[in-house]
$ cat coords09.cif   # mmCIF, C-alpha atoms
data_query
loop_
_atom_site.label_atom_id
_atom_site.label_comp_id
_atom_site.auth_asym_id
_atom_site.auth_seq_id
_atom_site.Cartn_x
_atom_site.Cartn_y
_atom_site.Cartn_z
CA MET A 121 -170.95 -71.59 -212.39
CA TYR A 122 -174.43 -73.09 -212.05
CA ASP A 123 -175.70 -73.13 -208.49
CA PHE A 124 -175.81 -76.35 -206.46
CA ASN A 125 -176.51 -77.65 -202.99
CA TYR A 126 -173.36 -77.54 -200.88
CA HIS A 127 -172.69 -80.15 -198.19
CA ARG A 128 -169.74 -80.31 -195.84
CA ALA A 129 -169.23 -83.96 -194.90
CA THR A 130 -167.72 -84.81 -191.53
CA SER A 131 -166.92 -88.47 -192.26
CA LEU A 132 -166.55 -90.76 -195.26
CA GLU A 133 -169.74 -92.52 -194.18
CA SER A 134 -171.76 -89.31 -194.07
CA ALA A 135 -170.31 -88.23 -197.43
CA ALA A 136 -171.41 -91.51 -199.02
CA GLU A 137 -174.81 -91.17 -197.35
CA ILE A 138 -175.33 -87.67 -198.81
CA TYR A 139 -174.12 -88.96 -202.18
CA SER A 140 -176.68 -91.77 -202.21
CA GLN A 141 -179.51 -89.33 -201.45
CA SER A 142 -178.58 -86.74 -204.07
CA GLU A 143 -179.73 -86.59 -207.67
CA ASP A 144 -176.46 -85.87 -209.47
CA PRO A 145 -173.77 -85.38 -206.83
CA VAL A 146 -170.03 -84.85 -207.04
CA TYR A 147 -167.35 -85.06 -204.37
CA LEU A 148 -165.09 -82.05 -203.82
CA ALA A 149 -161.55 -82.79 -202.58
CA GLY A 150 -159.06 -79.96 -203.23
CA GLY A 151 -161.10 -78.68 -206.15
CA MET A 152 -158.14 -77.76 -208.36
CA THR A 153 -159.81 -79.44 -211.34
CA LEU A 154 -163.43 -79.50 -210.21
CA ILE A 155 -163.80 -75.78 -209.44
CA PRO A 156 -162.41 -74.67 -212.85
CA THR A 157 -164.68 -77.28 -214.49
CA LEU A 158 -167.72 -75.88 -212.68
CA LYS A 159 -166.68 -72.30 -213.50
CA GLN A 160 -166.62 -73.15 -217.19
CA ARG A 161 -170.04 -74.79 -216.86
CA LEU A 162 -168.64 -78.05 -218.15
CA ALA A 163 -170.45 -79.85 -215.34
CA ARG A 164 -173.74 -79.23 -213.60
CA PRO A 165 -173.94 -81.30 -210.42
CA THR A 166 -177.02 -80.87 -208.22
CA ASP A 167 -174.96 -81.41 -205.08
CA VAL A 168 -171.33 -80.73 -204.20
CA ILE A 169 -170.10 -82.78 -201.24
CA ASP A 170 -167.02 -81.16 -199.70
CA LEU A 171 -164.59 -83.64 -198.14
CA GLY A 172 -162.47 -80.86 -196.59
CA GLY A 173 -164.02 -81.37 -193.16
CA VAL A 174 -163.36 -85.11 -192.95
CA ASP A 175 -160.65 -85.82 -190.39
CA GLY A 176 -158.00 -88.53 -190.60
CA LEU A 177 -157.41 -88.46 -194.36
CA SER A 178 -154.09 -86.60 -194.30
CA ASP A 179 -151.92 -89.08 -192.44
CA VAL A 180 -148.68 -90.57 -193.71
CA GLU A 181 -147.83 -93.99 -192.31
CA GLN A 182 -144.68 -95.91 -193.01
CA SER A 183 -144.16 -99.65 -192.60
CA ALA A 184 -141.24 -101.84 -193.63
CA GLU A 185 -142.34 -102.21 -197.23
CA THR A 186 -145.04 -99.62 -197.79
CA LEU A 187 -145.86 -95.96 -197.39
CA SER A 188 -149.50 -95.12 -196.93
CA ILE A 189 -150.74 -91.58 -197.66
CA GLY A 190 -154.23 -90.28 -196.86
CA SER A 191 -156.33 -89.27 -199.85
CA MET A 192 -156.82 -85.65 -198.72
CA THR A 193 -153.09 -85.04 -198.27
CA THR A 194 -152.16 -82.03 -200.37
CA HIS A 195 -149.33 -82.13 -202.89
CA ALA A 196 -147.47 -79.57 -200.75
CA ALA A 197 -147.82 -81.79 -197.67
CA VAL A 198 -146.56 -84.85 -199.56
CA ALA A 199 -143.61 -82.84 -200.92
CA ALA A 200 -142.72 -81.55 -197.44
CA ASN A 201 -143.22 -84.82 -195.53
CA SER A 202 -139.96 -86.15 -194.08
CA ALA A 203 -141.07 -89.81 -194.16
CA VAL A 204 -141.90 -89.53 -197.85
CA SER A 205 -138.63 -87.82 -198.71
CA SER A 206 -136.56 -90.31 -196.74
CA VAL A 207 -138.06 -93.51 -198.21
CA ILE A 208 -139.36 -92.43 -201.65
CA PRO A 209 -137.66 -89.14 -202.57
CA ALA A 210 -138.95 -89.55 -206.14
CA LEU A 211 -142.49 -89.22 -204.81
CA SER A 212 -141.62 -86.01 -202.91
CA ALA A 213 -140.12 -84.56 -206.06
CA LEU A 214 -143.14 -85.57 -208.14
CA ALA A 215 -145.60 -83.97 -205.71
CA GLY A 216 -143.42 -80.85 -205.48
CA GLY A 217 -143.51 -80.47 -209.26
CA ILE A 218 -147.29 -80.43 -209.69
CA GLY A 219 -148.79 -77.12 -210.85
CA ASP A 220 -147.61 -74.19 -208.73
CA PRO A 221 -147.29 -73.58 -204.96
CA HIS A 222 -150.92 -72.42 -204.60
CA VAL A 223 -152.29 -75.41 -206.48
CA ARG A 224 -150.10 -77.71 -204.37
CA ASN A 225 -151.54 -76.15 -201.20
CA LYS A 226 -155.08 -77.23 -202.16
CA GLY A 227 -154.82 -80.11 -204.65
CA THR A 228 -154.94 -83.58 -203.11
CA LEU A 229 -153.57 -87.04 -203.88
CA GLY A 230 -157.05 -88.62 -203.85
CA GLY A 231 -158.58 -85.90 -205.99
CA SER A 232 -155.85 -86.19 -208.58
CA VAL A 233 -156.03 -89.96 -208.96
CA ALA A 234 -159.86 -90.03 -208.94
CA ASN A 235 -159.84 -87.47 -211.77
CA ASN A 236 -157.25 -89.48 -213.77
CA ASP A 237 -156.24 -86.66 -216.06
CA PRO A 238 -154.10 -88.22 -218.81
CA ALA A 239 -151.41 -85.57 -218.16
CA ALA A 240 -151.44 -85.77 -214.34
CA ASP A 241 -148.29 -86.84 -212.50
CA TYR A 242 -149.68 -89.08 -209.76
CA PRO A 243 -150.92 -91.90 -212.03
CA ALA A 244 -147.28 -92.56 -213.01
CA ALA A 245 -146.34 -92.66 -209.32
CA LEU A 246 -149.09 -95.12 -208.43
CA VAL A 247 -148.43 -97.50 -211.32
CA GLY A 248 -144.63 -97.14 -211.14
CA LEU A 249 -144.54 -97.67 -207.38
CA ASP A 250 -146.94 -100.63 -207.50
CA ALA A 251 -149.46 -98.85 -205.30
CA THR A 252 -152.82 -99.98 -204.00
CA VAL A 253 -155.79 -97.63 -203.90
CA VAL A 254 -157.75 -98.20 -200.69
CA THR A 255 -161.39 -97.13 -200.88
CA THR A 256 -164.42 -97.21 -198.63
CA GLN A 257 -165.32 -100.51 -200.29
CA ARG A 258 -162.18 -102.37 -201.34
CA GLU A 259 -158.52 -102.34 -202.33
CA ILE A 260 -157.67 -101.76 -205.98
CA PRO A 261 -154.22 -102.35 -207.55
CA ALA A 262 -153.13 -99.18 -209.37
CA GLU A 263 -152.99 -100.88 -212.75
CA GLU A 264 -156.66 -101.87 -212.46
CA PHE A 265 -157.63 -98.49 -211.05
CA PHE A 266 -156.68 -96.33 -214.05
CA VAL A 267 -159.04 -97.50 -216.79
CA GLY A 268 -158.83 -94.81 -219.48
CA MET A 269 -158.91 -91.08 -220.13
CA PHE A 270 -160.54 -89.47 -217.04
CA GLU A 271 -161.89 -92.93 -216.20
CA THR A 272 -161.17 -95.07 -213.14
CA SER A 273 -162.61 -98.28 -211.72
CA LEU A 274 -164.27 -96.36 -208.88
CA VAL A 275 -168.02 -97.05 -208.77
CA GLU A 276 -170.75 -94.50 -207.95
CA GLY A 277 -170.26 -93.06 -204.49
CA GLU A 278 -167.03 -94.94 -203.77
CA LEU A 279 -164.39 -92.83 -201.98
CA ILE A 280 -160.63 -93.22 -201.74
CA SER A 281 -159.38 -93.22 -198.16
CA HIS A 282 -155.67 -93.63 -198.85
CA VAL A 283 -153.06 -94.87 -201.28
CA ARG A 284 -150.47 -97.45 -200.26
CA PHE A 285 -147.20 -97.17 -202.18
CA SER A 286 -144.58 -99.93 -202.27
CA ILE A 287 -141.16 -98.68 -201.20
CA PRO A 288 -138.65 -99.28 -204.03
CA ASP A 289 -134.89 -99.72 -203.75
CA ARG A 290 -134.56 -96.71 -206.00
CA ALA A 291 -136.89 -94.62 -208.12
CA ALA A 292 -136.94 -91.43 -210.13
CA TYR A 293 -139.57 -89.44 -211.97
CA MET A 294 -138.74 -87.24 -214.92
CA LYS A 295 -141.24 -85.11 -216.71
CA PHE A 296 -141.22 -82.91 -219.74
CA ALA A 297 -143.65 -80.33 -218.46
CA ASN A 298 -145.90 -78.03 -220.41
CA PRO A 299 -144.20 -74.70 -219.66
CA ALA A 300 -147.50 -72.96 -218.88
CA SER A 301 -149.57 -75.51 -216.98
CA ARG A 302 -146.77 -77.75 -215.64
CA TYR A 303 -148.86 -80.76 -216.64
CA ALA A 304 -146.79 -83.61 -218.06
CA ILE A 305 -146.43 -83.66 -221.83
CA VAL A 306 -144.61 -86.88 -220.96
CA GLY A 307 -143.69 -88.08 -217.47
CA VAL A 308 -141.93 -91.34 -216.65
CA MET A 309 -141.53 -93.03 -213.27
CA VAL A 310 -138.80 -95.66 -213.17
CA ALA A 311 -138.72 -97.80 -210.03
CA LYS A 312 -136.33 -100.58 -209.11
CA PHE A 313 -137.68 -103.24 -206.76
CA PRO A 314 -135.95 -106.48 -205.74
CA GLY A 315 -136.36 -108.64 -208.84
CA GLN A 316 -138.54 -106.14 -210.70
CA ILE A 317 -138.20 -102.94 -212.69
CA ARG A 318 -141.31 -100.83 -213.32
CA VAL A 319 -141.57 -98.10 -215.94
CA ALA A 320 -144.83 -96.10 -215.84
CA VAL A 321 -145.62 -93.43 -218.41
CA THR A 322 -148.09 -90.56 -218.04
CA GLY A 323 -148.98 -87.71 -220.40
CA ALA A 324 -148.12 -89.70 -223.52
CA GLY A 325 -151.27 -91.80 -223.92
CA PRO A 326 -154.98 -91.67 -223.05
CA ALA A 327 -154.05 -92.98 -219.59
CA VAL A 328 -150.97 -94.12 -217.68
CA PHE A 329 -149.29 -97.28 -219.05
CA ARG A 330 -146.26 -99.48 -218.39
CA SER A 331 -143.57 -100.02 -220.97
CA GLY A 332 -142.87 -103.77 -220.81
CA GLU A 333 -140.11 -103.51 -223.40
CA MET A 334 -138.20 -100.92 -221.35
CA GLU A 335 -138.72 -102.92 -218.16
CA GLN A 336 -137.20 -105.99 -219.83
CA ALA A 337 -134.25 -104.06 -221.23
CA LEU A 338 -133.59 -102.44 -217.84
CA ALA A 339 -133.91 -105.77 -216.02
CA SER A 340 -130.99 -107.15 -218.01
CA GLU A 341 -128.93 -103.96 -217.72
CA PHE A 342 -129.98 -101.05 -215.52
CA SER A 343 -128.42 -98.16 -217.41
CA PRO A 344 -129.71 -95.30 -219.58
CA GLY A 345 -128.04 -96.88 -222.61
CA ALA A 346 -130.03 -100.10 -222.17
CA ILE A 347 -133.15 -98.47 -223.60
CA ASP A 348 -131.42 -96.72 -226.50
CA GLY A 349 -132.78 -99.21 -228.98
CA VAL A 350 -136.28 -99.42 -227.50
CA THR A 351 -138.90 -97.69 -229.63
CA VAL A 352 -142.34 -96.68 -228.46
CA ALA A 353 -145.20 -97.11 -230.94
CA PRO A 354 -146.65 -93.64 -231.62
CA ASP A 355 -150.01 -94.83 -233.00
CA GLU A 356 -151.88 -94.89 -229.69
CA LEU A 357 -150.29 -91.76 -228.21
CA ASN A 358 -151.79 -88.31 -227.71
CA SER A 359 -151.27 -85.50 -230.18
CA ASP A 360 -151.97 -81.81 -229.58
CA ILE A 361 -150.53 -78.37 -230.31
CA HIS A 362 -147.75 -78.97 -227.78
CA ALA A 363 -146.45 -82.31 -229.06
CA GLY A 364 -147.32 -84.76 -231.82
CA GLN A 365 -147.35 -88.55 -231.50
CA GLU A 366 -143.83 -89.15 -232.83
CA TYR A 367 -142.41 -86.44 -230.58
CA ARG A 368 -144.17 -87.87 -227.54
CA ALA A 369 -142.94 -91.36 -228.40
CA ASN A 370 -139.36 -90.11 -228.48
CA LEU A 371 -139.88 -88.16 -225.23
CA VAL A 372 -140.95 -91.37 -223.45
CA ARG A 373 -137.57 -92.93 -224.18
CA VAL A 374 -135.64 -89.75 -223.34
CA MET A 375 -137.48 -89.17 -220.04
CA ALA A 376 -137.09 -92.85 -219.09
CA ALA A 377 -133.35 -92.71 -219.78
CA ARG A 378 -133.00 -89.57 -217.66
CA ALA A 379 -134.95 -91.20 -214.84
CA VAL A 380 -132.69 -94.27 -214.98
CA GLU A 381 -129.65 -92.00 -214.85
CA ILE A 382 -130.95 -90.28 -211.70
CA CYS A 383 -131.69 -93.68 -210.11
CA GLY A 384 -127.96 -94.45 -210.60
CA MET B 743 -178.92 -72.69 -202.30
CA THR B 744 -177.71 -69.94 -200.01
CA LEU B 745 -175.74 -70.35 -196.84
CA THR B 746 -174.11 -68.17 -194.24
CA VAL B 747 -170.34 -68.18 -194.54
CA LYS B 748 -168.34 -67.01 -191.55
CA MET B 749 -164.62 -66.51 -191.32
CA THR B 750 -161.93 -64.42 -189.67
CA LEU B 751 -160.77 -61.98 -192.32
CA ASN B 752 -157.67 -59.91 -191.50
CA GLY B 753 -158.39 -60.42 -187.83
CA ASN B 754 -162.06 -59.43 -188.00
CA ALA B 755 -165.01 -61.81 -187.72
CA VAL B 756 -167.05 -61.47 -190.91
CA SER B 757 -170.07 -63.27 -192.28
CA ALA B 758 -172.36 -63.03 -195.27
CA GLU B 759 -175.29 -64.90 -196.74
CA VAL B 760 -174.09 -66.13 -200.14
CA GLU B 761 -175.02 -68.57 -202.87
CA ALA B 762 -173.18 -71.90 -202.55
CA ARG B 763 -171.38 -71.23 -205.82
CA THR B 764 -169.75 -68.03 -204.51
CA LEU B 765 -165.98 -68.07 -204.85
CA LEU B 766 -163.78 -66.86 -202.00
CA VAL B 767 -162.56 -63.93 -204.10
CA GLN B 768 -166.16 -62.87 -204.76
CA PHE B 769 -166.93 -63.16 -201.05
CA ILE B 770 -163.95 -60.95 -200.19
CA ARG B 771 -164.49 -58.35 -202.91
CA ASP B 772 -168.26 -58.22 -203.45
CA TYR B 773 -169.68 -59.09 -200.03
CA ILE B 774 -167.03 -57.74 -197.65
CA GLY B 775 -165.86 -54.92 -199.95
CA LEU B 776 -162.11 -55.52 -199.77
CA THR B 777 -160.97 -55.00 -203.35
CA GLY B 778 -157.22 -55.34 -202.87
CA THR B 779 -157.45 -58.99 -203.93
CA HIS B 780 -157.57 -58.94 -207.73
CA VAL B 781 -159.07 -61.22 -210.35
CA GLY B 782 -156.66 -61.44 -213.25
CA CYS B 783 -157.23 -64.55 -215.34
CA ASP B 784 -160.03 -66.24 -213.37
CA THR B 785 -158.54 -69.58 -214.52
CA SER B 786 -156.14 -70.42 -211.65
CA GLN B 787 -153.07 -69.33 -213.54
CA CYS B 788 -152.09 -65.72 -212.84
CA GLY B 789 -152.03 -65.54 -209.04
CA ALA B 790 -153.40 -61.98 -208.75
CA CYS B 791 -156.01 -63.41 -206.34
CA VAL B 792 -153.60 -65.12 -203.92
CA VAL B 793 -154.62 -64.88 -200.26
CA HIS B 794 -153.68 -66.92 -197.19
CA VAL B 795 -156.23 -69.39 -195.84
CA ASP B 796 -155.24 -70.89 -192.51
CA GLY B 797 -151.66 -69.92 -193.23
CA LYS B 798 -151.47 -71.39 -196.75
CA ALA B 799 -151.20 -69.31 -199.91
CA ILE B 800 -154.04 -70.26 -202.26
CA LYS B 801 -155.79 -68.86 -205.32
CA SER B 802 -159.04 -67.36 -204.10
CA CYS B 803 -160.63 -67.65 -207.57
CA THR B 804 -160.41 -71.44 -207.34
CA ILE B 805 -162.01 -72.14 -203.98
CA LEU B 806 -165.57 -71.74 -202.80
CA ALA B 807 -166.25 -69.32 -199.97
CA ALA B 808 -168.13 -72.21 -198.34
CA GLN B 809 -164.91 -74.25 -198.25
CA CYS B 810 -163.42 -71.50 -196.05
CA GLN B 811 -166.16 -71.71 -193.42
CA ASP B 812 -164.62 -70.87 -190.01
CA SER B 813 -161.19 -70.34 -191.60
CA THR B 814 -158.67 -67.59 -190.94
CA VAL B 815 -158.07 -65.59 -194.09
CA VAL B 816 -155.48 -62.87 -194.68
CA THR B 817 -155.56 -60.60 -197.73
CA ILE B 818 -153.23 -57.82 -198.88
CA GLU B 819 -155.21 -55.38 -196.68
CA GLY B 820 -154.25 -57.44 -193.63
CA LEU B 821 -150.48 -57.08 -193.96
CA ALA B 822 -149.78 -53.47 -193.01
CA ASP B 823 -149.84 -52.37 -189.39
CA GLY B 824 -151.87 -49.16 -189.65
CA ASP B 825 -149.78 -46.76 -191.73
CA LYS B 826 -146.69 -48.92 -191.35
CA LEU B 827 -146.23 -51.14 -194.37
CA HIS B 828 -145.34 -54.82 -194.02
CA PRO B 829 -141.58 -55.36 -194.68
CA MET B 830 -142.43 -57.15 -197.92
CA GLN B 831 -144.55 -54.21 -199.09
CA GLU B 832 -141.63 -51.90 -198.22
CA ALA B 833 -139.28 -54.13 -200.18
CA PHE B 834 -141.54 -54.00 -203.26
CA ARG B 835 -141.61 -50.21 -203.00
CA ASP B 836 -137.86 -49.87 -202.42
CA ASN B 837 -136.99 -52.16 -205.33
CA HIS B 838 -139.64 -50.87 -207.71
CA GLY B 839 -141.10 -54.39 -207.83
CA LEU B 840 -144.16 -53.29 -209.78
CA GLN B 841 -145.26 -51.20 -212.70
CA CYS B 842 -149.02 -51.23 -213.29
CA GLY B 843 -149.59 -52.89 -209.91
CA PHE B 844 -152.35 -55.27 -210.93
CA CYS B 845 -150.46 -58.46 -210.03
CA THR B 846 -148.88 -56.88 -206.95
CA PRO B 847 -151.35 -57.96 -204.23
CA GLY B 848 -150.94 -61.60 -205.30
CA MET B 849 -147.19 -61.19 -205.71
CA VAL B 850 -146.82 -59.79 -202.20
CA MET B 851 -149.04 -62.46 -200.64
CA SER B 852 -147.05 -65.17 -202.44
CA ALA B 853 -143.79 -63.48 -201.43
CA VAL B 854 -144.75 -63.48 -197.74
CA ASP B 855 -145.57 -67.19 -198.05
CA ILE B 856 -142.30 -67.93 -199.90
CA VAL B 857 -140.07 -66.34 -197.25
CA ALA B 858 -142.03 -68.07 -194.48
CA ARG B 859 -141.42 -71.48 -196.06
CA HIS B 860 -137.81 -71.01 -197.12
CA PRO B 861 -135.26 -69.98 -194.50
CA HIS B 862 -132.53 -70.02 -197.16
CA LEU B 863 -133.73 -68.16 -200.22
CA ASN B 864 -131.79 -67.53 -203.38
CA GLU B 865 -132.68 -66.06 -206.74
CA ASP B 866 -133.27 -69.40 -208.47
CA LEU B 867 -135.60 -70.56 -205.72
CA VAL B 868 -137.57 -67.30 -205.80
CA ARG B 869 -138.04 -67.66 -209.56
CA GLN B 870 -139.18 -71.26 -209.17
CA GLU B 871 -141.57 -70.34 -206.38
CA LEU B 872 -143.13 -67.60 -208.53
CA GLU B 873 -144.40 -70.26 -210.94
CA GLY B 874 -147.99 -69.42 -210.03
CA ASN B 875 -147.78 -65.62 -210.33
CA LEU B 876 -147.76 -63.82 -213.65
CA CYS B 877 -146.62 -60.24 -214.22
CA ARG B 878 -146.96 -58.69 -217.66
CA CYS B 879 -144.98 -55.50 -216.95
CA THR B 880 -141.82 -55.94 -214.99
CA GLY B 881 -140.10 -58.95 -216.50
CA TYR B 882 -139.96 -60.19 -212.88
CA HIS B 883 -136.44 -58.93 -212.23
CA ASN B 884 -137.34 -56.30 -209.64
CA ILE B 885 -139.97 -58.56 -208.10
CA VAL B 886 -137.30 -61.18 -207.47
CA LYS B 887 -135.00 -58.53 -206.01
CA ALA B 888 -137.81 -57.27 -203.79
CA ILE B 889 -138.60 -60.73 -202.43
CA LEU B 890 -134.95 -61.38 -201.61
CA ALA B 891 -134.75 -57.97 -199.92
CA GLY B 892 -138.04 -58.59 -198.08
CA SER B 893 -136.83 -61.86 -196.63
CA PRO B 894 -135.94 -61.47 -192.94
CA ARG B 895 -132.50 -62.83 -193.83
CA GLY B 896 -132.33 -60.91 -197.12
#
$ encode --input "coords09.cif" --output "structure tokens"
Amino acid sequence: MYDFNYHRATSLESAAEIYSQSEDPVYLAGGMTLIPTLKQRLARPTDVIDLGGVDGLSDVEQSAETLSIGSMTTHAAVAANSAVSSVIPALSALAGGIGDPHVRNKGTLGGSVANNDPAADYPAALVGLDATVVTTQREIPAEEFFVGMFETSLVEGELISHVRFSIPDRAAYMKFANPASRYAIVGVMVAKFPGQIRVAVTGAGPAVFRSGEMEQALASEFSPGAIDGVTVAPDELNSDIHAGQEYRANLVRVMAARAVEICG
Amino acid sequence: MTLTVKMTLNGNAVSAEVEARTLLVQFIRDYIGLTGTHVGCDTSQCGACVVHVDGKAIKSCTILAAQCQDSTVVTIEGLADGDKLHPMQEAFRDNHGLQCGFCTPGMVMSAVDIVARHPHLNEDLVRQELEGNLCRCTGYHNIVKAILAGSPRG
């Protein structure tokens, strides 16, 4: 790891202030991606701004239609939160399936979505559950937030304060995990809202996407069989040593059908 | 840059002047001299470096020492009470839950965390919870037995 200046921010305002005064800064949330990246010398920031000392970013607040989770809430805390498990059990299960227990004890919701790894789980949760990303500057609908591979619509210095999920009637997340890393080779969140079905896919493409064709098929008949005939175009999907494009395309349909089955 | 990192390590107040890029595991091993915490893979996968920071099991190779400023940290050296082993250490010994012993400090620290979080443990759950700890000798079987035996309700 190259050396850097370390700052421990005490508020979002002071973090942004340090950011604006630094040459090539980076924010540190849980660090489960950033620290390995620094260790491999894939990044060389001049300043690391630790958000671990900022209070008030780990709250979970429930209203009639939404569930708001602070950006520094760890995956373990989301998985163990009783409000989350009572209103969106699919989100508890998703958070509880990220990485391993030690990663879940440090990794955060905000850090994960800001990183936008194409194989991360949370992007499927945000897009599937029609979430809004609340930042220090504005509110961003999830579908506009995730722009492309490791790319979001966050601007320089902008910080996520929390994520507001819409509470569905029913939802389920199914992933075909890489057996070593537990990252999603393909993960699908299916959510049923009054008058709307959302199907969000992670792991398969350069970034999370919705399958309009599956949503339409499920809107007319909400059953695993309804998407039997739906095919996913493999051309734009990822291909690596773990799974080729055709295999991933098939997995999208299989994982979606399993998620629908769990939704009941 | 350098900074002074202070923490409570196994009940003792410790501090050291370190570079900002110093990892917690380097702080513990190289600056404080406690070498029970091992570095296996150095890529957040194997769990040989697991310690408890403010009561949470984490991988000390994937966190800066600076992030643990003013924290309470417990390592494998902090479990035993003098010559009296921690019940989980006893359980690993009784069940032959190790062969070469390299992964064992991380295994035991994870095991203590697992039984603290799960009042009702079973074999499947132990195996799931060991996702972040790799052992290349035992095939895990005796480790799983040890953790079940080391649970207060085991």
$ resolve_selection --input "coords09.cif" --expression "the PyMOL selection byres ((chain A and resi 357) around 9)" --output "PyMOL selection string"
chain A and resi 323-326+353-356+358-359+364-366+368-369
$ resolve_selection --input "coords09.cif" --expression "the PyMOL selection byres ((chain B) within 10 of (chain A))" --output "PyMOL selection string"
chain B and resi 743-745+761-765+784-787+789+792-795+798-806+808-811+852+855-856+870-875
$ resolve_selection --input "coords09.cif" --expression "the PyMOL selection byres ((chain B and resi 848) around 9)" --output "PDB file with C-alpha atoms, in the coordinates of the input"
ATOM      1  CA  THR B 779    -157.450 -58.990-203.930  1.00  0.00           C
ATOM      2  CA  HIS B 780    -157.570 -58.940-207.730  1.00  0.00           C
ATOM      3  CA  CYS B 788    -152.090 -65.720-212.840  1.00  0.00           C
ATOM      4  CA  GLY B 789    -152.030 -65.540-209.040  1.00  0.00           C
ATOM      5  CA  ALA B 790    -153.400 -61.980-208.750  1.00  0.00           C
ATOM      6  CA  CYS B 791    -156.010 -63.410-206.340  1.00  0.00           C
ATOM      7  CA  VAL B 792    -153.600 -65.120-203.920  1.00  0.00           C
ATOM      8  CA  VAL B 793    -154.620 -64.880-200.260  1.00  0.00           C
ATOM      9  CA  LYS B 801    -155.790 -68.860-205.320  1.00  0.00           C
ATOM     10  CA  THR B 817    -155.560 -60.600-197.730  1.00  0.00           C
ATOM     11  CA  ILE B 818    -153.230 -57.820-198.880  1.00  0.00           C
ATOM     12  CA  PHE B 844    -152.350 -55.270-210.930  1.00  0.00           C
ATOM     13  CA  CYS B 845    -150.460 -58.460-210.030  1.00  0.00           C
ATOM     14  CA  THR B 846    -148.880 -56.880-206.950  1.00  0.00           C
ATOM     15  CA  PRO B 847    -151.350 -57.960-204.230  1.00  0.00           C
ATOM     16  CA  MET B 849    -147.190 -61.190-205.710  1.00  0.00           C
ATOM     17  CA  VAL B 850    -146.820 -59.790-202.200  1.00  0.00           C
ATOM     18  CA  MET B 851    -149.040 -62.460-200.640  1.00  0.00           C
ATOM     19  CA  SER B 852    -147.050 -65.170-202.440  1.00  0.00           C
ATOM     20  CA  ALA B 853    -143.790 -63.480-201.430  1.00  0.00           C
ATOM     21  CA  ASN B 875    -147.780 -65.620-210.330  1.00  0.00           C
TER      22      ASN B 875
END
$ axis_aligned_box --input "coords09.cif" --around "segment 826-835 of chain B" --padding-each-side "3 Å" --output "JSON"
{"center_x": -143.0, "center_y": -53.0, "center_z": -197.3, "size_x": 13.4, "size_y": 14.2, "size_z": 17.9}
$ atom_distance --input "coords09.cif" --atom1 "atom CA of Gly248 of chain A" --atom2 "atom CA of Gly277 of chain A"
26.8 Å
$ residues_around --input "coords09.cif" --residues "Ser331 of chain A" --least-positions-apart "4" --cutoff "9 Å" --atoms "all atoms listed in the file" --output "list in words"
Arg318, Val319, Ala320, Val321, Glu335, Gln336 and Val352 of chain A
$ write_last_selection --input "coords09.cif" --atoms "C-alpha atoms" --output "compact mmCIF listing (two decimals), in the coordinates of the input"
# COMPACT_ATOMS: atom_id res chain seq x y z
CA ARG A 318 -141.31 -100.83 -213.32
CA VAL A 319 -141.57 -98.10 -215.94
CA ALA A 320 -144.83 -96.10 -215.84
CA VAL A 321 -145.62 -93.43 -218.41
CA GLU A 335 -138.72 -102.92 -218.16
CA GLN A 336 -137.20 -105.99 -219.83
CA VAL A 352 -142.34 -96.68 -228.46
$ residues_around --input "coords09.cif" --residues "Val306 of chain A" --least-positions-apart "3" --cutoff "10 Å" --atoms "all atoms listed in the file" --output "list in words"
Pro238, Ala239, Ala240, Asp241, Met294, Lys295, Phe296, Ala297, Asn298, Tyr303, Val321, Thr322, Gly323, Ala324, Gly325, Asn358, Ala363, Tyr367, Arg368, Ala369, Asn370, Leu371, Val372, Arg373, Val374, Met375 and Ala376 of chain A
$ closest_residue --input "coords09.cif" --among "A:Val350, A:Ala200, A:Tyr242, A:His282" --to "Thr256 of chain A" --atoms "only C-alpha atoms"
A:His282
$ closest_residue --input "coords09.cif" --among "A:Arg258, A:His362, A:Arg330, A:Arg378" --to "Leu279 of chain A" --atoms "all atoms listed in the file"
A:Arg258
$ residues_around --input "coords09.cif" --residues "Ser191 of chain A" --least-positions-apart "4" --cutoff "7 Å" --atoms "all atoms listed in the file" --output "short mmCIF file (atom, residue, chain, number, x, y, z; two decimals) with C-alpha atoms, in the frame of the given file"
data_model
loop_
_atom_site.label_atom_id
_atom_site.label_comp_id
_atom_site.auth_asym_id
_atom_site.auth_seq_id
_atom_site.Cartn_x
_atom_site.Cartn_y
_atom_site.Cartn_z
CA LEU A 177 -157.41 -88.46 -194.36
CA SER A 178 -154.09 -86.60 -194.30
CA THR A 228 -154.94 -83.58 -203.11
CA LEU A 229 -153.57 -87.04 -203.88
CA GLY A 230 -157.05 -88.62 -203.85
CA ILE A 280 -160.63 -93.22 -201.74
CA SER A 281 -159.38 -93.22 -198.16
CA HIS A 282 -155.67 -93.63 -198.85
CA VAL A 283 -153.06 -94.87 -201.28
#
$ closest_residue --input "coords09.cif" --among "A:Asp360, A:Asp237, A:Glu185, A:Glu341" --to "Pro288 of chain A" --atoms "all atoms listed in the file"
A:Glu185
$ atom_distance --input "coords09.cif" --atom1 "atom CA of Ser212 of chain A" --atom2 "atom CA of Leu187 of chain A"
12.1 Å
$ closest_residue --input "coords09.cif" --among "A:Thr252, A:Thr193, A:Ser205, A:Thr351" --to "Gly227 of chain A" --atoms "only C-alpha atoms"
A:Thr193
$ residues_around --input "coords09.cif" --residues "Lys887 of chain B" --least-positions-apart "4" --cutoff "12 Å" --atoms "all atoms listed in the file" --output "PyMOL selection string"
chain B and resi 830+833-840+853+863-866+868-869+880-883+891-893+896
$ closest_residue --input "coords09.cif" --among "A:Glu333, A:Asp289, A:Glu133, A:Asp348" --to "Ala210 of chain A" --atoms "all atoms listed in the file"
A:Asp289
